[in-house]
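Q: What follows is structure_25.txt, made up of compact mmCIF, C-alpha atoms:
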```txt
# COMPACT_ATOMS: atom_id res chain seq x y z
CA MET A 1 -21.58 35.30 -60.76
CA LYS A 2 -23.63 36.84 -57.97
CA ASN A 3 -26.62 36.90 -60.23
CA LEU A 4 -26.14 33.25 -61.04
CA LEU A 5 -25.96 32.35 -57.34
CA ASN A 6 -29.06 34.40 -56.65
CA PHE A 7 -30.82 32.61 -59.44
CA LEU A 8 -29.82 29.19 -58.10
CA VAL A 9 -30.95 30.02 -54.56
CA ARG A 10 -34.21 31.53 -55.70
CA TYR A 11 -35.24 28.65 -57.91
CA ASN A 12 -33.64 25.79 -55.96
CA SER A 13 -36.86 23.81 -55.68
CA LEU A 14 -37.61 24.17 -59.38
CA ILE A 15 -34.10 23.00 -60.24
CA VAL A 16 -34.28 19.99 -57.92
CA PHE A 17 -37.70 19.20 -59.35
CA LEU A 18 -36.53 19.37 -62.95
CA ILE A 19 -33.48 17.21 -62.32
CA LEU A 20 -35.41 14.52 -60.44
CA GLU A 21 -38.34 14.59 -62.87
CA ALA A 22 -35.96 14.18 -65.80
CA LEU A 23 -34.43 11.21 -64.02
CA ALA A 24 -37.86 9.69 -63.35
CA LEU A 25 -39.01 10.19 -66.93
CA TYR A 26 -35.81 8.67 -68.19
CA MET A 27 -36.45 5.61 -66.04
CA LEU A 28 -40.02 5.50 -67.27
CA THR A 29 -39.15 5.45 -70.96
CA ALA A 30 -36.07 3.32 -70.63
CA GLY A 31 -37.47 0.78 -68.23
CA ASN A 32 -41.08 0.24 -69.17
CA SER A 33 -41.34 -0.62 -72.80
CA TYR A 34 -41.82 -4.16 -73.80
CA HIS A 35 -38.44 -4.41 -75.49
CA ASN A 36 -36.54 -2.85 -72.64
CA SER A 37 -38.14 -4.79 -69.83
CA ARG A 38 -34.89 -6.67 -69.52
CA LEU A 39 -33.41 -3.55 -67.96
CA GLN A 40 -35.33 -4.40 -64.83
CA LYS A 41 -33.42 -7.63 -64.50
CA GLY A 42 -31.09 -6.31 -61.82
CA VAL A 43 -33.92 -5.16 -59.63
CA ILE A 44 -35.97 -8.27 -60.15
CA GLY A 45 -33.60 -10.38 -58.11
CA LEU A 46 -33.89 -8.00 -55.16
CA THR A 47 -37.60 -7.42 -54.93
CA LYS A 48 -38.96 -10.68 -56.27
CA ASN A 49 -37.53 -12.55 -53.33
CA LEU A 50 -39.81 -10.65 -50.97
CA GLU A 51 -42.68 -10.98 -53.39
CA GLU A 52 -42.23 -14.71 -53.51
CA LYS A 53 -42.46 -14.93 -49.75
CA ILE A 54 -45.68 -12.95 -49.70
CA TYR A 55 -46.99 -15.09 -52.50
CA ASN A 56 -46.10 -18.34 -50.77
CA THR A 57 -48.16 -17.50 -47.73
CA ARG A 58 -51.03 -16.38 -49.88
CA SER A 59 -51.10 -19.48 -52.08
CA TYR A 60 -52.25 -21.63 -49.17
CA LEU A 61 -55.64 -20.01 -49.37
CA SER A 62 -56.45 -21.40 -52.81
CA LEU A 63 -54.98 -24.90 -52.51
CA ARG A 64 -58.33 -26.64 -52.72
CA GLU A 65 -59.29 -25.06 -56.01
CA ILE A 66 -55.87 -25.78 -57.48
CA ASN A 67 -56.13 -29.40 -56.42
CA GLU A 68 -59.42 -29.73 -58.22
CA ARG A 69 -58.02 -28.25 -61.37
CA LEU A 70 -54.92 -30.43 -61.27
CA ALA A 71 -57.09 -33.51 -60.83
CA LEU A 72 -59.12 -32.49 -63.86
CA GLU A 73 -55.99 -31.95 -65.90
CA ASN A 74 -54.60 -35.27 -64.74
CA SER A 75 -57.65 -37.14 -65.91
CA ALA A 76 -57.53 -35.36 -69.26
CA LEU A 77 -53.89 -36.32 -69.68
CA LYS A 78 -54.63 -39.89 -68.74
CA ASN A 79 -57.36 -39.99 -71.34
CA SER A 80 -55.06 -38.75 -74.06
CA MET A 81 -52.39 -41.22 -73.01
CA GLU A 82 -54.94 -43.97 -73.31
CA LYS A 83 -55.73 -42.90 -76.85
CA LEU A 84 -52.06 -42.83 -77.77
CA GLY A 85 -51.55 -46.31 -76.42
CA HIS A 86 -54.26 -47.73 -78.63
CA LYS A 87 -52.86 -46.03 -81.65
CA GLU A 88 -49.45 -47.50 -81.02
CA ASN A 89 -50.84 -51.00 -81.04
CA ASN A 90 -51.96 -50.54 -84.59
CA LEU A 91 -48.57 -49.35 -85.80
CA PHE A 92 -45.91 -51.58 -87.22
CA LEU A 93 -42.88 -49.84 -85.87
CA THR A 94 -42.04 -47.79 -82.82
CA VAL A 95 -39.86 -44.70 -83.14
CA SER A 96 -36.82 -45.11 -80.95
CA ASP A 97 -35.21 -41.73 -81.70
CA THR A 98 -37.57 -39.53 -79.75
CA LEU A 99 -35.52 -36.37 -80.26
CA LEU A 100 -35.91 -36.51 -84.00
CA GLY A 101 -39.59 -35.91 -83.93
CA GLN A 102 -39.82 -33.78 -80.88
CA ASN A 103 -40.78 -30.25 -81.77
CA TYR A 104 -41.78 -28.71 -78.48
CA GLN A 105 -40.53 -29.14 -74.99
CA TYR A 106 -42.85 -28.43 -72.09
CA SER A 107 -41.99 -27.48 -68.56
CA THR A 108 -44.07 -26.09 -65.73
CA ALA A 109 -43.69 -22.92 -63.72
CA GLU A 110 -45.63 -21.04 -61.11
CA ILE A 111 -46.79 -17.45 -61.41
CA ILE A 112 -45.60 -15.41 -58.45
CA ASN A 113 -46.72 -11.99 -59.59
CA ASN A 114 -49.54 -11.04 -61.88
CA SER A 115 -51.87 -8.16 -62.59
CA VAL A 116 -54.92 -7.58 -64.74
CA ASN A 117 -55.71 -3.98 -63.89
CA LYS A 118 -52.98 -2.15 -65.74
CA GLN A 119 -52.75 -1.34 -69.42
CA LYS A 120 -49.50 -3.25 -69.75
CA ASN A 121 -49.64 -6.37 -67.61
CA PHE A 122 -46.78 -8.77 -67.03
CA LEU A 123 -46.50 -12.17 -65.37
CA THR A 124 -43.57 -13.12 -63.17
CA LEU A 125 -42.61 -16.79 -63.19
CA ASN A 126 -40.63 -18.53 -60.45
CA LYS A 127 -38.19 -20.15 -62.86
CA GLY A 128 -35.42 -18.64 -64.88
CA ARG A 129 -32.43 -19.33 -67.01
CA ARG A 130 -31.12 -21.87 -64.52
CA HIS A 131 -34.19 -24.01 -65.15
CA GLY A 132 -33.81 -23.83 -68.92
CA LEU A 133 -36.19 -20.97 -69.61
CA ASP A 134 -35.25 -18.29 -72.10
CA THR A 135 -36.74 -15.32 -73.87
CA ASP A 136 -39.31 -15.87 -76.63
CA MET A 137 -40.75 -19.01 -75.10
CA ALA A 138 -44.51 -19.40 -75.01
CA VAL A 139 -46.43 -19.43 -71.74
CA ALA A 140 -49.72 -21.30 -71.54
CA GLY A 141 -52.22 -21.66 -68.74
CA THR A 142 -53.83 -24.98 -67.97
CA ARG A 143 -56.34 -24.41 -70.74
CA GLY A 144 -54.87 -21.99 -73.24
CA VAL A 145 -52.52 -19.20 -74.23
CA ALA A 146 -51.27 -16.90 -71.45
CA GLY A 147 -48.23 -14.96 -72.66
CA LEU A 148 -44.66 -14.83 -73.90
CA ILE A 149 -41.40 -14.65 -71.96
CA VAL A 150 -39.57 -11.38 -72.58
CA SER A 151 -36.89 -11.40 -69.94
CA CYS A 152 -35.07 -13.95 -67.80
CA SER A 153 -32.78 -13.69 -64.80
CA GLU A 154 -31.12 -16.64 -63.11
CA ASN A 155 -34.15 -17.66 -61.05
CA TYR A 156 -37.07 -15.66 -62.41
CA SER A 157 -38.67 -14.76 -65.71
CA ILE A 158 -40.96 -12.00 -66.84
CA ALA A 159 -43.61 -12.82 -69.40
CA ILE A 160 -45.69 -10.31 -71.29
CA SER A 161 -49.32 -11.23 -70.66
CA VAL A 162 -52.02 -11.42 -73.34
CA LEU A 163 -53.49 -8.52 -71.35
CA ASN A 164 -50.86 -6.09 -72.58
CA LEU A 165 -51.34 -3.45 -75.24
CA ASP A 166 -48.03 -4.48 -76.80
CA PHE A 167 -48.96 -8.13 -77.18
CA LYS A 168 -50.01 -9.37 -80.62
CA LEU A 169 -50.72 -12.97 -81.53
CA SER A 170 -51.33 -14.58 -84.87
CA SER A 171 -54.53 -16.56 -84.46
CA ARG A 172 -57.22 -18.19 -86.54
CA ILE A 173 -60.78 -19.38 -86.37
CA ARG A 174 -60.82 -23.15 -86.10
CA SER A 175 -63.98 -23.76 -88.12
CA ASN A 176 -62.81 -22.07 -91.33
CA GLY A 177 -59.05 -21.51 -90.93
CA TYR A 178 -59.05 -17.76 -91.60
CA PHE A 179 -56.32 -16.07 -89.59
CA GLY A 180 -55.90 -12.62 -88.12
CA SER A 181 -54.16 -10.80 -85.35
CA LEU A 182 -55.33 -10.93 -81.75
CA SER A 183 -54.63 -8.15 -79.30
CA TRP A 184 -56.05 -6.69 -76.11
CA ASP A 185 -57.88 -3.36 -76.11
CA GLY A 186 -57.14 -2.57 -72.47
CA ARG A 187 -60.74 -2.71 -71.29
CA ASN A 188 -61.97 -5.99 -69.84
CA TYR A 189 -59.51 -8.64 -68.73
CA ARG A 190 -61.81 -11.40 -70.01
CA TYR A 191 -61.95 -10.22 -73.63
CA ALA A 192 -59.49 -9.59 -76.45
CA VAL A 193 -60.05 -8.35 -79.99
CA LEU A 194 -59.42 -10.33 -83.18
CA ASN A 195 -58.73 -8.22 -86.24
CA GLU A 196 -58.15 -8.75 -89.96
CA ILE A 197 -60.83 -11.38 -90.53
CA PRO A 198 -62.43 -10.38 -93.87
CA GLN A 199 -66.18 -9.78 -93.87
CA HIS A 200 -67.07 -12.38 -96.51
CA VAL A 201 -66.17 -15.18 -94.08
CA SER A 202 -69.11 -16.56 -92.15
CA ILE A 203 -68.48 -16.78 -88.45
CA SER A 204 -70.75 -17.26 -85.49
CA VAL A 205 -70.73 -16.65 -81.77
CA GLY A 206 -69.03 -19.49 -79.92
CA ASP A 207 -66.51 -20.32 -82.66
CA THR A 208 -63.15 -21.42 -81.30
CA VAL A 209 -60.13 -19.18 -81.82
CA GLU A 210 -56.74 -20.90 -81.76
CA THR A 211 -53.07 -20.18 -82.50
CA THR A 212 -51.72 -20.56 -86.02
CA GLY A 213 -48.14 -21.64 -85.44
CA TYR A 214 -46.97 -18.97 -87.89
CA SER A 215 -44.91 -17.24 -85.25
CA ALA A 216 -42.66 -20.22 -84.36
CA VAL A 217 -43.43 -19.55 -80.71
CA PHE A 218 -46.81 -21.06 -79.99
CA PRO A 219 -47.63 -24.57 -81.19
CA GLU A 220 -50.32 -24.75 -83.81
CA GLY A 221 -53.90 -25.24 -82.65
CA MET A 222 -53.60 -24.10 -79.07
CA MET A 223 -56.85 -22.74 -77.70
CA ILE A 224 -57.12 -18.98 -77.16
CA GLY A 225 -60.82 -18.47 -76.59
CA THR A 226 -64.24 -18.31 -78.17
CA ILE A 227 -65.98 -15.60 -80.15
CA SER A 228 -68.36 -13.76 -77.88
CA GLU A 229 -69.63 -11.09 -80.26
CA PHE A 230 -68.77 -9.57 -83.61
CA GLU A 231 -69.88 -6.68 -85.77
CA LYS A 232 -69.22 -5.44 -89.26
CA SER A 233 -67.30 -2.22 -88.96
CA GLY A 234 -66.80 0.37 -91.71
CA SER A 235 -63.71 -1.33 -93.09
CA ASP A 236 -63.47 -4.67 -94.86
CA PHE A 237 -62.85 -6.51 -91.64
CA TYR A 238 -64.94 -7.75 -88.76
CA MET A 239 -64.61 -6.39 -85.23
CA ILE A 240 -64.52 -9.63 -83.25
CA ARG A 241 -64.50 -9.84 -79.48
CA VAL A 242 -62.96 -13.04 -78.17
CA GLU A 243 -63.64 -14.34 -74.68
CA LEU A 244 -60.29 -15.63 -73.45
CA ILE A 245 -60.20 -19.20 -72.17
CA THR A 246 -57.50 -18.28 -69.67
CA ASP A 247 -58.88 -16.42 -66.69
CA PHE A 248 -55.98 -14.20 -65.70
CA LYS A 249 -57.43 -13.51 -62.31
CA ASN A 250 -56.95 -17.07 -61.05
CA ILE A 251 -54.08 -18.31 -63.19
CA LYS A 252 -51.40 -19.90 -61.05
CA TYR A 253 -49.59 -22.75 -62.76
CA VAL A 254 -48.40 -22.38 -66.32
CA THR A 255 -46.67 -24.49 -68.92
CA VAL A 256 -43.67 -22.98 -70.64
CA ILE A 257 -43.27 -24.22 -74.19
CA ASP A 258 -39.97 -24.16 -76.02
CA ASN A 259 -39.88 -24.68 -79.75
CA LEU A 260 -36.74 -26.77 -80.22
CA LYS A 261 -36.49 -25.97 -83.91
CA LYS A 262 -37.20 -22.26 -83.59
CA SER A 263 -33.71 -20.95 -84.33
CA GLU A 264 -33.40 -23.20 -87.37
CA ARG A 265 -36.71 -21.98 -88.73
CA ILE A 266 -36.13 -18.31 -88.01
CA GLY A 267 -32.65 -18.48 -89.50
CA LEU A 268 -34.09 -19.85 -92.69
CA GLU A 269 -36.92 -17.33 -92.81
CA ASN A 270 -34.58 -14.42 -92.23
CA GLN A 271 -32.66 -15.19 -95.40
CA TYR A 272 -35.62 -14.03 -97.45
CA GLN A 273 -36.80 -11.03 -95.47
CA MET B 1 -36.65 17.39 -34.21
CA ILE B 2 -35.25 13.83 -33.94
CA ASN B 3 -38.56 12.76 -32.53
CA SER B 4 -40.53 14.04 -35.50
CA ILE B 5 -38.07 12.51 -37.98
CA ILE B 6 -38.64 9.09 -36.37
CA LYS B 7 -42.40 9.70 -36.31
CA TYR B 8 -42.56 10.59 -40.01
CA GLY B 9 -40.14 7.79 -40.91
CA LEU B 10 -42.38 5.20 -39.28
CA PHE B 11 -45.43 6.75 -40.92
CA ILE B 12 -43.77 6.59 -44.36
CA ILE B 13 -42.84 2.92 -43.90
CA LEU B 14 -46.36 2.10 -42.73
CA MET B 15 -47.98 3.82 -45.73
CA VAL B 16 -45.62 2.17 -48.23
CA LEU B 17 -46.32 -1.27 -46.76
CA LEU B 18 -50.06 -0.59 -46.73
CA GLN B 19 -49.90 0.42 -50.38
CA LEU B 20 -47.81 -2.56 -51.48
CA LEU B 21 -49.52 -5.27 -49.48
CA LEU B 22 -53.12 -4.10 -49.49
CA PHE B 23 -54.03 -1.38 -51.97
CA ASN B 24 -51.98 -2.66 -54.90
CA ASN B 25 -54.22 -5.74 -54.79
CA ILE B 26 -57.50 -3.90 -55.02
CA GLN B 27 -58.76 -4.56 -58.52
CA PHE B 28 -62.26 -3.31 -58.81
CA SER B 29 -63.49 -3.57 -62.42
CA GLY B 30 -60.19 -2.21 -63.74
CA TYR B 31 -61.24 1.37 -63.05
CA VAL B 32 -60.41 1.74 -59.36
CA ASN B 33 -56.75 1.50 -58.36
CA PRO B 34 -56.33 3.59 -55.23
CA TYR B 35 -52.87 4.91 -54.46
CA VAL B 36 -53.09 6.07 -50.88
CA TYR B 37 -49.36 6.35 -50.19
CA ILE B 38 -49.66 9.94 -51.42
CA MET B 39 -50.91 10.67 -47.88
CA ILE B 40 -47.22 10.76 -46.91
CA LEU B 41 -46.81 14.04 -48.80
CA LEU B 42 -50.03 15.48 -47.45
CA LEU B 43 -49.11 15.26 -43.79
CA LEU B 44 -45.52 16.54 -43.86
CA PRO B 45 -45.20 19.86 -41.98
CA ALA B 46 -45.89 23.09 -43.83
CA GLU B 47 -42.46 24.60 -43.20
CA ILE B 48 -40.47 21.70 -44.71
CA PRO B 49 -37.97 23.04 -47.30
CA ALA B 50 -39.13 22.54 -50.87
CA TRP B 51 -36.05 20.59 -51.90
CA LEU B 52 -36.43 18.15 -49.00
CA LEU B 53 -40.09 17.64 -49.86
CA LEU B 54 -39.07 16.85 -53.45
CA ILE B 55 -36.47 14.33 -52.35
CA VAL B 56 -38.91 12.63 -49.98
CA SER B 57 -41.50 12.44 -52.79
CA PHE B 58 -39.02 11.04 -55.23
CA LEU B 59 -37.76 8.37 -52.84
CA THR B 60 -41.31 7.37 -51.90
CA GLY B 61 -42.33 7.03 -55.54
CA PHE B 62 -39.10 5.22 -56.31
CA THR B 63 -39.73 2.63 -53.58
CA ILE B 64 -43.26 2.00 -54.81
CA ASP B 65 -41.91 1.69 -58.36
CA MET B 66 -39.31 -0.87 -57.41
CA PHE B 67 -41.91 -3.12 -55.88
CA SER B 68 -44.56 -2.68 -58.57
CA GLY B 69 -42.15 -3.19 -61.48
CA SER B 70 -42.90 0.15 -63.11
CA PRO B 71 -39.69 2.19 -63.01
CA GLY B 72 -40.18 5.96 -63.09
CA MET B 73 -43.98 5.96 -63.16
CA HIS B 74 -44.75 6.57 -59.49
CA SER B 75 -41.53 8.55 -59.06
CA SER B 76 -42.49 11.17 -61.61
CA ALA B 77 -46.14 11.41 -60.53
CA THR B 78 -45.28 11.71 -56.84
CA LEU B 79 -42.57 14.22 -57.65
CA LEU B 80 -45.09 16.36 -59.52
CA ALA B 81 -47.45 16.22 -56.55
CA GLY B 82 -44.60 17.16 -54.21
CA PHE B 83 -43.60 20.05 -56.46
CA SER B 84 -47.13 21.44 -56.62
CA ARG B 85 -47.79 21.12 -52.88
CA PRO B 86 -46.31 24.52 -51.85
CA TYR B 87 -48.36 26.25 -54.56
CA VAL B 88 -51.53 24.44 -53.50
CA LEU B 89 -50.87 25.36 -49.86
CA ARG B 90 -50.45 29.01 -50.84
CA LEU B 91 -53.62 28.89 -52.91
CA ILE B 92 -55.84 27.58 -50.15
CA SER B 93 -54.05 29.06 -47.14
CA PRO B 94 -56.31 29.76 -44.14
CA ARG B 95 -56.84 33.40 -43.05
CA ASP B 96 -54.09 33.48 -40.44
CA GLY B 97 -51.55 31.36 -42.31
CA TYR B 98 -49.97 28.08 -41.27
CA ASP B 99 -48.60 27.44 -37.78
CA SER B 100 -44.99 26.42 -37.74
CA GLY B 101 -44.12 23.39 -35.71
CA SER B 102 -47.31 21.39 -36.12
CA GLY B 103 -48.06 19.08 -38.99
CA LEU B 104 -50.82 19.68 -41.51
CA SER B 105 -53.89 17.99 -40.11
CA MET B 106 -57.63 18.09 -40.13
CA ALA B 107 -57.61 18.78 -36.39
CA THR B 108 -55.79 22.08 -36.89
CA TYR B 109 -57.28 23.46 -40.08
CA GLY B 110 -60.73 21.89 -40.25
CA PHE B 111 -62.56 19.32 -42.32
CA ARG B 112 -63.35 21.55 -45.30
CA TRP B 113 -59.79 22.77 -45.71
CA PHE B 114 -58.38 19.25 -45.44
CA VAL B 115 -60.74 17.76 -48.01
CA ILE B 116 -60.03 20.50 -50.56
CA TYR B 117 -56.29 20.10 -50.00
CA THR B 118 -56.47 16.29 -50.33
CA VAL B 119 -58.63 16.37 -53.45
CA ILE B 120 -56.29 18.75 -55.29
CA ILE B 121 -53.06 16.90 -54.47
CA VAL B 122 -54.52 13.41 -55.02
CA PHE B 123 -56.01 14.47 -58.33
CA ILE B 124 -52.71 15.93 -59.56
CA HIS B 125 -50.91 12.75 -58.56
CA HIS B 126 -53.44 10.30 -60.02
CA PHE B 127 -53.80 12.34 -63.20
CA ALA B 128 -50.06 12.24 -63.86
CA LEU B 129 -49.83 8.59 -62.84
CA PHE B 130 -52.60 7.18 -65.00
CA TYR B 131 -51.65 9.13 -68.10
CA LEU B 132 -48.02 8.10 -67.70
CA GLU B 133 -49.20 4.53 -67.38
CA VAL B 134 -51.12 4.44 -70.67
CA PHE B 135 -48.63 6.84 -72.29
CA ARG B 136 -50.97 7.79 -75.10
CA LEU B 137 -53.87 10.14 -75.65
CA SER B 138 -56.27 7.79 -77.42
CA GLY B 139 -58.95 6.74 -75.00
CA PHE B 140 -58.48 10.04 -73.17
CA PHE B 141 -61.84 10.03 -71.44
CA ARG B 142 -61.66 6.43 -70.33
CA THR B 143 -58.38 7.19 -68.60
CA LEU B 144 -59.93 10.32 -67.13
CA LEU B 145 -62.73 8.21 -65.69
CA ARG B 146 -60.16 5.91 -64.12
CA VAL B 147 -58.38 8.95 -62.67
CA ILE B 148 -61.60 10.33 -61.17
CA LEU B 149 -62.88 7.04 -59.74
CA SER B 150 -59.51 6.09 -58.26
CA SER B 151 -59.01 9.59 -56.84
CA ALA B 152 -62.42 9.40 -55.16
CA PHE B 153 -61.46 6.13 -53.53
CA SER B 154 -58.05 7.38 -52.39
CA VAL B 155 -59.49 10.63 -51.02
CA ALA B 156 -62.15 8.69 -49.13
CA PHE B 157 -59.52 6.49 -47.52
CA ILE B 158 -57.21 9.37 -46.65
CA VAL B 159 -60.02 11.41 -45.07
CA LEU B 160 -61.18 8.40 -43.06
CA ALA B 161 -57.63 7.71 -41.87
CA GLU B 162 -57.29 11.35 -40.91
CA PHE B 163 -60.53 11.15 -38.92
CA TYR B 164 -59.09 8.21 -37.07
CA ARG B 165 -55.92 10.16 -36.29
CA LYS B 166 -57.97 13.12 -35.16
CA GLY B 167 -60.09 10.92 -32.91
CA ARG B 168 -57.06 9.54 -31.14
CA LYS B 169 -55.75 12.93 -30.11
```
Output the file's structure as structure tokens, nothing else.
A:
Amino acid sequence: MKNLLNFLVRYNSLIVFLILEALALYMLTAGNSYHNSRLQKGVIGLTKNLEEKIYNTRSYLSLREINERLALENSALKNSMEKLGHKENNLFLTVSDTLLGQNYQYSTAEIINNSVNKQKNFLTLNKGRRHGLDTDMAVAGTRGVAGLIVSCSENYSIAISVLNLDFKLSSRIRSNGYFGSLSWDGRNYRYAVLNEIPQHVSISVGDTVETTGYSAVFPEGMMIGTISEFEKSGSDFYMIRVELITDFKNIKYVTVIDNLKKSERIGLENQYQ
Amino acid sequence: MINSIIKYGLFIILMVLLQLLLFNNIQFSGYVNPYVYIMILLLLPAEIPAWLLLIVSFLTGFTIDMFSGSPGMHSSATLLAGFSRPYVLRLISPRDGYDSGSGLSMATYGFRWFVIYTVIIVFIHHFALFYLEVFRLSGFFRTLLRVILSSAFSVAFIVLAEFYRKGRK
């Protein structure tokens, strides 16, 4: 007994260290992985409030640039509306049941926390379950793919960014339709890597890379980026570097896309897997 | 006693805010992410009990973690730095030992001693932190480069801040 007490007194700092370090490592493994990021939910509510306040003051500084971009987007939308209108005139019937054909529902959100300098980057959105957001919804910037929601609280959501080592996206080259898997290599926040494109396919720098719609999350044909360089590696596949269309350093407003028929489709697919 | 607790408390709050509001936003080519809040551990007095030092390190790391959304990462790295501090102090102790009662500062122990001390602790902390962040050994040397560049930046800031403190006395 005396020996035990002596031991405890002598090594008290080591014991405290081991206990606390074990606790910290437990938090690290339990709280950080992509699948367990929902564990942070409780904390999100506490700290994000402060973060939002900081963000709000900061966002004033870039209002001008955002205005310009919104104006651009507005004009693009107007143009596409114009095209739709003309098409409708040539049709014989109008569809009155809009829900029947509607596949995706779009809503907007603002990014209140973002990083590009880590290996596993996440985006925090200022809307949550209360606003109709849920996990596994796609997040798109004004021009292209940005991420995927992995966790929602009442008022906030966390989305895994394309700039995350755990993020994988089924994508294809628009010009020839060959598809592969896009992921980030953790180096430059402007570039991602497209794998699994066989070497007999002819591709060239500047080709558009877009989503396939195989995953039931992203709509088909959404822009991801353009090929910036490629090389033939030792295997049968190209090593393709894709310049992302979304610049994660100045992304601010995003569109959240919900596939209304996702559960139906996944339920059907699961029967055969 | 009470006085110094208040002094260190204010210093800790200041460093945490500085880290969260300023240094967490420095993104220089993805290789430089300075974490200067480690200065909190550096300046605590030499005679602080080891267990108290560990608890202060853990709580500091924990606070940073909560606000950066990375549970456990900063806690474990800061804890490791706090645990190694007594050994580092023993390793580089000046000829006539440490004075009790005064904090560890450049004014007391000299520029050379302070820089060596800062480099060792900051490197231990950043090394643990960056490897815990990637959590894999592939790309070992790229992570090492990030560790070295970020450490250099943090050390530079801490030494400059210490110069400022010294100048005021």
Q: With 12 Å as the threshold, what does the neighbourhood of (-48.8, -21.2, -80.2) contain in terms of residues, counting all atoms listed in the file? Coordinates are those of the file; answer as a ChimeraX atom specification.
A: /A:104,136-141,144-148,168-172,209-224,255-259
Q: Excluding Arg190 of chain A and its own-chain neighbours fewer than 3 positions away, which residues fall within 8 Å of it when counting all atoms listed in the file? Please give them as a PyMOL selection string.
A: chain A and resi 243-244+247-248
Q: Report, in Å to a single decimal, how far apart atom CA of Ala152 of chain B and atom CA of Glu51 of chain A are.
A: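 Computing it gives 28.4 Å between the two atoms.
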Q: Taking all atoms listed in the file into account and nothing else, which residues of chain B lie no more than 6 Å away from chain A? Please answer as a ChimeraX atom specification.
A: /B:30,50-51,71-73,75-76
Q: With C-alpha atoms retained, could you export that selection as a PDB file, keeping the file's coordinate frame?
A:
```
ATOM      1  CA  GLY B  30     -60.190  -2.210 -63.740  1.00  0.00           C
ATOM      2  CA  ALA B  50     -39.130  22.540 -50.870  1.00  0.00           C
ATOM      3  CA  TRP B  51     -36.050  20.590 -51.900  1.00  0.00           C
ATOM      4  CA  PRO B  71     -39.690   2.190 -63.010  1.00  0.00           C
ATOM      5  CA  GLY B  72     -40.180   5.960 -63.090  1.00  0.00           C
ATOM      6  CA  MET B  73     -43.980   5.960 -63.160  1.00  0.00           C
ATOM      7  CA  SER B  75     -41.530   8.550 -59.060  1.00  0.00           C
ATOM      8  CA  SER B  76     -42.490  11.170 -61.610  1.00  0.00           C
TER       9      SER B  76
END
```
Q: Could you state the separation of atom CA of Pro94 of chain B and atom CA of Gly110 of chain B in Å, given to one decimal place?
A: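 Atom CA of Gly110 of chain B lies 9.8 Å from atom CA of Pro94 of chain B.
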